[in-house]
There are 2 protein chains.
Amino acid sequence: MYVIGERINGMWKDVKQAIVDQDPGPIKSWTEKQIAAGADALDVNVGPATSKQVEALLWMCEIIRGISADFPIAIDNAKWAVMKEVVPQVPGPKIINSTKADPGPLAEYCGLAAEHDCSIVGLTIDQRGIPHDVDTRVEMGATILTVAMEAGLTPDRIFIDTIIQPVNVAPKQPLAVMKAMEQLKMLSDPPPHQVLGLSNVSQGARNRELINRTYIAMAVPCGLDSAIMDPCDKELMEAAITAELIMEKMIYCDSYIEAYLANK
Amino acid sequence: MYVIGERINGMWKDVKQAIVDQDPGPIKSWTEKQIAAGADALDVNVGPATSKQVEALLWMCEIIRGISADFPIAIDNAKWAVMKEVVPQVPGPKIINSTKADPGPLAEYCGLAAEHDCSIVGLTIDQRGIPHDVDTRVEMGATILTVAMEAGLTPDRIFIDTIIQPVNVAPKQPLAVMKAMEQLKMLSDPPPHQVLGLSNVSQGARNRELINRTYIAMAVPCGLDSAIMDPCDKELMEAAITAELIMEKMIYCDSYIEAYLANK
């Protein structure tokens, strides 16, 4: 599981406050905690903290780079103007998170990714909105893969996100996402990565952690190999690691969880 | 999830001792605890406690019938002579657990089930042994379904068990079982039940409960709708219930776990 730590996001109060106060403490702390817990990359999102998205993103990335020169950073922003300005200024490995599936803008994002040696997350959403069915998700996923490969990105740098919605308000969507992933994993060999913003599945629900870890176990056999998630949720990490053990992605030993985390 | 409580089994020390001492206490206690925890049926197995299998099974079933006249009992024994003698003597709903897939004996077991209005568990094993591949499991599952339906059993009374083996010694088998179940669920409409002796997946492993609950979540989308398992393992029950919620087998409400258990 390629774990993209979700916690450096202005959606959370402590991070929002840190951005407002220009206090590097919480950003440093979440960088260290998430890396220690087994993250493979760190998502960085300003959220509603400030309208100065570029400055805030660069400031947060600089703090992370002060801790690690080469830990992958997923720059998480919906605006092309912001992405175009931030990406060239952040050194080291990066993931562009995210682009939509509209071919024109998609090609621009993929070009930026190729130019700066980034990976890219492509969401299966276009001007028609988020699809509610399986087929349209697959169609958009195929578009993302095609356009990204044409831009020179190899499948290991392409993350398709089929957009998970909350089980309490969109009950058919978690299953539709699983079925779409099953088809998308057959699009190329090797397949592109498949990623989800996992916590969305339980948004507004009561048993959030339980729903998150149950869903990740169910989604791994469908092709999910990456998630924007909380690596500090120990039970969630254990579910993801155990699901990959059962899928034979690693060899069993009694201490397979410790071995997995030590290999990070 | 049709939960068959696994705990009344002479494999466990306390139950073995109860059988040896003819002490009804532990049998009563496990009957009550498992029903309260959400079991739909109780497996009853003498195990290595005594060679007097018929007497011991009848004694255990009588204790359960003293608590409930109509709670389903899964009579768990590998010998035809034992099954043939016990089944007619136990009143109320019963599951014959189990028969193998050899057509001759299979037809006898199914005839016994039809005659006494029982459900039946058919294991995908025959004189060739336990299959290691997907296709032979499916072939044997189809044989079980066909022979059982010819005997007059409807799919809702037929439980196909594709035999889960421990992930630590047979690492390819948990996935092979999932793939076989995926095919078997398409054999008829409505499909037969699919059941597993869940705890086997973690036999000899260190993180047994974690492996069990991760596997059940992964197997539910493949068609698993029943398990011989420990209903008193709260986290296992929660994983099974949540996986079924995600599969839209129930409608979301904040208290979906409590609602599920209250409906038993």
# chains A, B, ... in the order shown; residues from 1 in each chain; ligands from 1
call {"tool": "interface_residues", "arguments": {"of": "chain A", "to": "chain B", "cutoff": "7 Å", "atoms": "only C-alpha atoms", "output": "number ranges by chain"}}
result
A: 167-168, 171-172, 174-175, 205-206, 211, 214, 217-218, 239, 242-243, 246-248, 252, 254
call {"tool": "write_last_selection", "arguments": {"atoms": "all heavy atoms", "output": "short mmCIF file (atom, residue, chain, number, x, y, z; two decimals), in the first residue's frame"}}
result
data_model
loop_
_atom_site.label_atom_id
_atom_site.label_comp_id
_atom_site.auth_asym_id
_atom_site.auth_seq_id
_atom_site.Cartn_x
_atom_site.Cartn_y
_atom_site.Cartn_z
N VAL A 167 -20.65 6.42 2.47
CA VAL A 167 -21.58 5.30 2.44
C VAL A 167 -22.94 5.69 3.02
O VAL A 167 -23.96 5.10 2.66
CB VAL A 167 -20.98 4.09 3.19
CG1 VAL A 167 -20.84 4.34 4.68
CG2 VAL A 167 -21.79 2.82 2.94
N ASN A 168 -22.97 6.70 3.87
CA ASN A 168 -24.25 7.06 4.50
C ASN A 168 -25.16 7.90 3.58
O ASN A 168 -26.36 7.86 3.71
CB ASN A 168 -24.03 7.78 5.84
CG ASN A 168 -23.18 9.02 5.69
OD1 ASN A 168 -22.58 9.24 4.62
ND2 ASN A 168 -23.09 9.81 6.73
N PRO A 171 -25.02 5.36 -0.87
CA PRO A 171 -24.74 3.96 -0.49
C PRO A 171 -24.30 3.06 -1.63
O PRO A 171 -23.66 2.03 -1.38
CB PRO A 171 -26.05 3.49 0.13
CG PRO A 171 -27.10 4.43 -0.36
CD PRO A 171 -26.41 5.75 -0.55
N LYS A 172 -24.64 3.42 -2.88
CA LYS A 172 -24.24 2.55 -4.00
C LYS A 172 -22.81 2.83 -4.47
O LYS A 172 -22.24 2.03 -5.22
CB LYS A 172 -25.19 2.75 -5.19
CG LYS A 172 -26.59 2.23 -4.93
CD LYS A 172 -27.42 2.23 -6.19
CE LYS A 172 -28.87 1.89 -5.87
NZ LYS A 172 -29.05 0.69 -5.01
N PRO A 174 -19.65 3.19 -2.91
CA PRO A 174 -18.47 2.40 -2.52
C PRO A 174 -18.32 1.12 -3.33
O PRO A 174 -17.22 0.74 -3.72
CB PRO A 174 -18.72 2.12 -1.03
CG PRO A 174 -19.54 3.28 -0.57
CD PRO A 174 -20.46 3.59 -1.73
N LEU A 175 -19.43 0.48 -3.64
CA LEU A 175 -19.39 -0.74 -4.45
C LEU A 175 -19.09 -0.41 -5.92
O LEU A 175 -18.31 -1.12 -6.57
CB LEU A 175 -20.73 -1.48 -4.32
CG LEU A 175 -20.84 -2.84 -5.02
CD1 LEU A 175 -19.73 -3.77 -4.59
CD2 LEU A 175 -22.21 -3.47 -4.72
N ALA A 205 -20.31 9.62 9.11
CA ALA A 205 -20.81 8.38 9.74
C ALA A 205 -20.30 8.29 11.17
O ALA A 205 -19.37 9.00 11.56
CB ALA A 205 -20.36 7.17 8.93
N ARG A 206 -20.90 7.41 11.94
CA ARG A 206 -20.49 7.32 13.34
C ARG A 206 -19.22 6.48 13.52
O ARG A 206 -18.27 6.92 14.14
CB ARG A 206 -21.62 6.75 14.21
CG ARG A 206 -21.28 6.88 15.69
CD ARG A 206 -22.10 5.93 16.55
NE ARG A 206 -23.46 6.43 16.72
CZ ARG A 206 -24.45 5.68 17.21
NH1 ARG A 206 -24.24 4.43 17.54
NH2 ARG A 206 -25.66 6.19 17.36
N ILE A 211 -15.37 1.76 9.47
CA ILE A 211 -15.77 1.79 8.06
C ILE A 211 -14.53 1.95 7.17
O ILE A 211 -14.38 1.26 6.16
CB ILE A 211 -16.81 2.90 7.81
CG1 ILE A 211 -18.11 2.57 8.54
CG2 ILE A 211 -17.07 3.09 6.31
CD1 ILE A 211 -19.16 3.68 8.55
N THR A 214 -12.52 -1.39 7.17
CA THR A 214 -13.25 -2.45 6.48
C THR A 214 -13.22 -2.20 4.97
O THR A 214 -12.97 -3.12 4.18
CB THR A 214 -14.71 -2.53 6.98
OG1 THR A 214 -14.70 -2.71 8.39
CG2 THR A 214 -15.46 -3.68 6.33
N ALA A 217 -9.84 -3.04 3.29
CA ALA A 217 -9.64 -4.49 3.12
C ALA A 217 -10.44 -4.98 1.91
O ALA A 217 -9.95 -5.79 1.12
CB ALA A 217 -10.07 -5.24 4.38
N MET A 218 -11.66 -4.47 1.74
CA MET A 218 -12.50 -4.89 0.62
C MET A 218 -11.96 -4.38 -0.72
O MET A 218 -12.13 -5.03 -1.76
CB MET A 218 -13.93 -4.34 0.81
CG MET A 218 -14.64 -4.91 2.03
SD MET A 218 -16.17 -4.00 2.41
CE MET A 218 -17.31 -4.74 1.23
N ALA A 239 -4.95 -3.28 8.90
CA ALA A 239 -5.91 -3.87 7.96
C ALA A 239 -5.34 -3.84 6.54
O ALA A 239 -5.41 -4.82 5.80
CB ALA A 239 -7.24 -3.13 8.02
N THR A 242 -2.44 -6.35 6.24
CA THR A 242 -2.94 -7.73 6.27
C THR A 242 -3.66 -8.08 4.98
O THR A 242 -3.52 -9.20 4.46
CB THR A 242 -3.85 -7.93 7.50
OG1 THR A 242 -3.10 -7.61 8.67
CG2 THR A 242 -4.34 -9.36 7.61
N ALA A 243 -4.42 -7.14 4.43
CA ALA A 243 -5.09 -7.40 3.14
C ALA A 243 -4.05 -7.66 2.05
O ALA A 243 -4.22 -8.56 1.22
CB ALA A 243 -5.98 -6.22 2.77
N ILE A 246 -2.67 -11.15 2.44
CA ILE A 246 -3.59 -12.16 1.91
C ILE A 246 -3.57 -12.17 0.38
O ILE A 246 -3.73 -13.21 -0.23
CB ILE A 246 -5.02 -11.91 2.48
CG1 ILE A 246 -5.02 -12.27 3.98
CG2 ILE A 246 -6.08 -12.72 1.74
CD1 ILE A 246 -6.22 -11.80 4.76
N MET A 247 -3.30 -11.01 -0.22
CA MET A 247 -3.17 -10.94 -1.69
C MET A 247 -1.79 -11.41 -2.15
O MET A 247 -1.46 -11.27 -3.33
CB MET A 247 -3.38 -9.50 -2.16
CG MET A 247 -4.80 -8.97 -1.98
SD MET A 247 -6.07 -9.99 -2.75
CE MET A 247 -5.76 -9.66 -4.48
N GLU A 248 -0.99 -11.93 -1.21
CA GLU A 248 0.35 -12.45 -1.54
C GLU A 248 1.29 -11.37 -2.04
O GLU A 248 2.19 -11.67 -2.84
CB GLU A 248 0.26 -13.55 -2.57
CG GLU A 248 0.24 -14.93 -1.97
CD GLU A 248 0.86 -15.93 -2.92
OE1 GLU A 248 0.27 -16.18 -3.96
OE2 GLU A 248 1.97 -16.44 -2.61
N TYR A 252 4.51 -14.42 4.19
CA TYR A 252 4.13 -14.46 5.61
C TYR A 252 5.33 -14.69 6.52
O TYR A 252 6.17 -15.55 6.27
CB TYR A 252 3.11 -15.59 5.87
CG TYR A 252 2.73 -15.64 7.33
CD1 TYR A 252 1.69 -14.87 7.82
CD2 TYR A 252 3.47 -16.40 8.23
CE1 TYR A 252 1.37 -14.86 9.16
CE2 TYR A 252 3.15 -16.39 9.59
CZ TYR A 252 2.10 -15.62 10.05
OH TYR A 252 1.80 -15.60 11.38
N ASP A 254 5.65 -14.32 11.12
CA ASP A 254 4.83 -13.93 12.27
C ASP A 254 4.83 -12.42 12.46
O ASP A 254 3.83 -11.84 12.86
CB ASP A 254 5.36 -14.62 13.55
CG ASP A 254 4.76 -16.01 13.70
OD1 ASP A 254 3.77 -16.33 13.00
OD2 ASP A 254 5.29 -16.79 14.53
#
call {"tool": "residues_around", "arguments": {"residues": "stretch 118-120 of chain A", "least_positions_apart": "6", "cutoff": "12 Å", "atoms": "only C-alpha atoms", "output": "NGL selection string"}}
result
:A and (41 or 72-76 or 83 or 87-88 or 90-101 or 106-112 or 144-145 or 147-149 or 151-161 or 192-195)
call {"tool": "write_last_selection", "arguments": {"atoms": "C-alpha atoms", "output": "mmCIF file, in the first residue's frame"}}
result
data_model
loop_
_atom_site.group_PDB
_atom_site.id
_atom_site.type_symbol
_atom_site.label_atom_id
_atom_site.label_comp_id
_atom_site.auth_asym_id
_atom_site.auth_seq_id
_atom_site.Cartn_x
_atom_site.Cartn_y
_atom_site.Cartn_z
ATOM 1 C CA ALA A 41 4.277 10.333 0.827
ATOM 2 C CA PRO A 72 7.573 12.501 -1.646
ATOM 3 C CA ILE A 73 5.113 15.370 -1.254
ATOM 4 C CA ALA A 74 1.637 15.250 -2.781
ATOM 5 C CA ILE A 75 0.752 18.844 -3.621
ATOM 6 C CA ASP A 76 -3.002 18.882 -3.142
ATOM 7 C CA MET A 83 -0.243 24.014 -9.201
ATOM 8 C CA VAL A 87 5.349 22.538 -8.571
ATOM 9 C CA PRO A 88 8.508 24.054 -10.127
ATOM 10 C CA VAL A 90 9.345 22.507 -4.618
ATOM 11 C CA PRO A 91 12.495 20.394 -4.866
ATOM 12 C CA GLY A 92 12.510 16.609 -4.586
ATOM 13 C CA PRO A 93 9.900 13.932 -5.452
ATOM 14 C CA LYS A 94 6.378 15.228 -5.919
ATOM 15 C CA ILE A 95 2.882 14.056 -6.763
ATOM 16 C CA ILE A 96 0.472 16.438 -8.460
ATOM 17 C CA ASN A 97 -2.810 15.944 -6.620
ATOM 18 C CA SER A 98 -4.936 16.293 -8.646
ATOM 19 C CA THR A 99 -6.267 16.769 -12.148
ATOM 20 C CA LYS A 100 -9.687 15.939 -13.529
ATOM 21 C CA ALA A 101 -10.397 13.851 -16.619
ATOM 22 C CA LEU A 106 -5.609 16.915 -18.190
ATOM 23 C CA ALA A 107 -2.954 17.174 -20.911
ATOM 24 C CA GLU A 108 -1.632 20.406 -19.360
ATOM 25 C CA TYR A 109 -1.360 18.791 -15.927
ATOM 26 C CA CYS A 110 0.332 15.716 -17.366
ATOM 27 C CA GLY A 111 2.765 17.927 -19.266
ATOM 28 C CA LEU A 112 3.639 19.710 -16.012
ATOM 29 C CA ILE A 144 -6.495 9.690 -17.697
ATOM 30 C CA LEU A 145 -4.207 6.744 -18.372
ATOM 31 C CA VAL A 147 -3.390 11.154 -21.844
ATOM 32 C CA ALA A 148 -0.806 10.659 -19.077
ATOM 33 C CA MET A 149 1.063 7.986 -21.043
ATOM 34 C CA ALA A 151 2.657 12.871 -22.030
ATOM 35 C CA GLY A 152 5.457 10.435 -21.248
ATOM 36 C CA LEU A 153 4.414 9.292 -17.777
ATOM 37 C CA THR A 154 4.836 5.574 -17.072
ATOM 38 C CA PRO A 155 1.981 3.703 -15.301
ATOM 39 C CA ASP A 156 3.902 3.678 -11.993
ATOM 40 C CA ARG A 157 3.609 7.495 -11.938
ATOM 41 C CA ILE A 158 -0.101 7.553 -12.694
ATOM 42 C CA PHE A 159 -2.620 7.323 -9.833
ATOM 43 C CA ILE A 160 -6.267 6.955 -10.859
ATOM 44 C CA ASP A 161 -8.715 8.077 -8.175
ATOM 45 C CA PRO A 192 -1.567 2.335 -13.078
ATOM 46 C CA HIS A 193 -1.824 2.910 -9.345
ATOM 47 C CA GLN A 194 -5.308 3.180 -7.949
ATOM 48 C CA VAL A 195 -5.787 5.598 -5.098
#
call {"tool": "residues_around", "arguments": {"residues": "stretch 26-33 of chain B", "least_positions_apart": "5", "cutoff": "10 Å", "atoms": "only C-alpha atoms", "output": "count of residues only"}}
result
29
call {"tool": "select_by_dssp", "arguments": {"residues": "stretch 129-255 of chain B", "states": "strand (DSSP E)", "output": "MDAnalysis selection string"}}
result
chainID B and resid 158:161 193:197 226:229
call {"tool": "write_last_selection", "arguments": {"atoms": "N, CA, C and O atoms", "output": "PDB file, in the first residue's frame"}}
result
ATOM      1  N   ILE B 158     -28.465 -24.752   0.803  1.00  0.00           N
ATOM      2  CA  ILE B 158     -27.197 -25.345   0.373  1.00  0.00           C
ATOM      3  C   ILE B 158     -26.057 -24.376   0.687  1.00  0.00           C
ATOM      4  O   ILE B 158     -26.065 -23.226   0.244  1.00  0.00           O
ATOM      5  N   PHE B 159     -25.104 -24.837   1.457  1.00  0.00           N
ATOM      6  CA  PHE B 159     -23.929 -24.032   1.823  1.00  0.00           C
ATOM      7  C   PHE B 159     -22.697 -24.668   1.174  1.00  0.00           C
ATOM      8  O   PHE B 159     -22.336 -25.798   1.512  1.00  0.00           O
ATOM      9  N   ILE B 160     -22.076 -23.957   0.256  1.00  0.00           N
ATOM     10  CA  ILE B 160     -20.840 -24.468  -0.343  1.00  0.00           C
ATOM     11  C   ILE B 160     -19.653 -23.900   0.421  1.00  0.00           C
ATOM     12  O   ILE B 160     -19.557 -22.690   0.645  1.00  0.00           O
ATOM     13  N   ASP B 161     -18.778 -24.786   0.835  1.00  0.00           N
ATOM     14  CA  ASP B 161     -17.587 -24.400   1.615  1.00  0.00           C
ATOM     15  C   ASP B 161     -16.352 -24.692   0.773  1.00  0.00           C
ATOM     16  O   ASP B 161     -16.003 -25.855   0.551  1.00  0.00           O
ATOM     17  N   HIS B 193     -25.741 -20.508  -0.553  1.00  0.00           N
ATOM     18  CA  HIS B 193     -24.894 -19.842   0.439  1.00  0.00           C
ATOM     19  C   HIS B 193     -23.439 -20.228   0.204  1.00  0.00           C
ATOM     20  O   HIS B 193     -23.154 -21.311  -0.314  1.00  0.00           O
ATOM     21  N   GLN B 194     -22.542 -19.334   0.608  1.00  0.00           N
ATOM     22  CA  GLN B 194     -21.122 -19.703   0.616  1.00  0.00           C
ATOM     23  C   GLN B 194     -20.606 -19.502   2.037  1.00  0.00           C
ATOM     24  O   GLN B 194     -20.780 -18.438   2.635  1.00  0.00           O
ATOM     25  N   VAL B 195     -19.989 -20.535   2.554  1.00  0.00           N
ATOM     26  CA  VAL B 195     -19.561 -20.558   3.953  1.00  0.00           C
ATOM     27  C   VAL B 195     -18.090 -20.923   4.028  1.00  0.00           C
ATOM     28  O   VAL B 195     -17.543 -21.568   3.128  1.00  0.00           O
ATOM     29  N   LEU B 196     -17.433 -20.484   5.086  1.00  0.00           N
ATOM     30  CA  LEU B 196     -16.052 -20.906   5.340  1.00  0.00           C
ATOM     31  C   LEU B 196     -15.876 -21.179   6.822  1.00  0.00           C
ATOM     32  O   LEU B 196     -16.552 -20.555   7.652  1.00  0.00           O
ATOM     33  N   GLY B 197     -14.993 -22.087   7.146  1.00  0.00           N
ATOM     34  CA  GLY B 197     -14.539 -22.252   8.524  1.00  0.00           C
ATOM     35  C   GLY B 197     -13.467 -21.193   8.740  1.00  0.00           C
ATOM     36  O   GLY B 197     -12.280 -21.443   8.605  1.00  0.00           O
ATOM     37  N   SER B 226     -21.809 -16.447   4.810  1.00  0.00           N
ATOM     38  CA  SER B 226     -21.939 -17.258   6.016  1.00  0.00           C
ATOM     39  C   SER B 226     -20.549 -17.654   6.481  1.00  0.00           C
ATOM     40  O   SER B 226     -19.628 -17.785   5.669  1.00  0.00           O
ATOM     41  N   ALA B 227     -20.384 -17.827   7.772  1.00  0.00           N
ATOM     42  CA  ALA B 227     -19.083 -18.292   8.264  1.00  0.00           C
ATOM     43  C   ALA B 227     -19.273 -19.064   9.554  1.00  0.00           C
ATOM     44  O   ALA B 227     -20.131 -18.729  10.370  1.00  0.00           O
ATOM     45  N   ILE B 228     -18.489 -20.125   9.690  1.00  0.00           N
ATOM     46  CA  ILE B 228     -18.364 -20.787  10.983  1.00  0.00           C
ATOM     47  C   ILE B 228     -17.268 -20.007  11.689  1.00  0.00           C
ATOM     48  O   ILE B 228     -16.112 -20.001  11.249  1.00  0.00           O
ATOM     49  N   MET B 229     -17.654 -19.274  12.711  1.00  0.00           N
ATOM     50  CA  MET B 229     -16.755 -18.272  13.294  1.00  0.00           C
ATOM     51  C   MET B 229     -17.132 -18.009  14.741  1.00  0.00           C
ATOM     52  O   MET B 229     -18.103 -18.564  15.246  1.00  0.00           O
TER      53      MET B 229
END
call {"tool": "closest_residue", "arguments": {"among": "B:Ile4, B:Ala69, B:Asp23, B:Ile35", "to": "B:Val121", "atoms": "only C-alpha atoms"}}
result
B:Ile4
call {"tool": "select_by_dssp", "arguments": {"residues": "stretch 6-75 of chain B", "states": "alpha helix (DSSP H)", "output": "ChimeraX atom specification"}}
result
/B:13-21,25-37,53-67
call {"tool": "atom_distance", "arguments": {"atom1": "atom CA of B:Ala81", "atom2": "atom CA of B:Gly10"}}
result
19.2 Å
call {"tool": "atom_distance", "arguments": {"atom1": "atom CA of A:Leu57", "atom2": "atom CA of A:Val20"}}
result
12.4 Å
call {"tool": "atom_distance", "arguments": {"atom1": "atom CA of A:Thr162", "atom2": "atom CA of A:Pro103"}}
result
16.4 Å
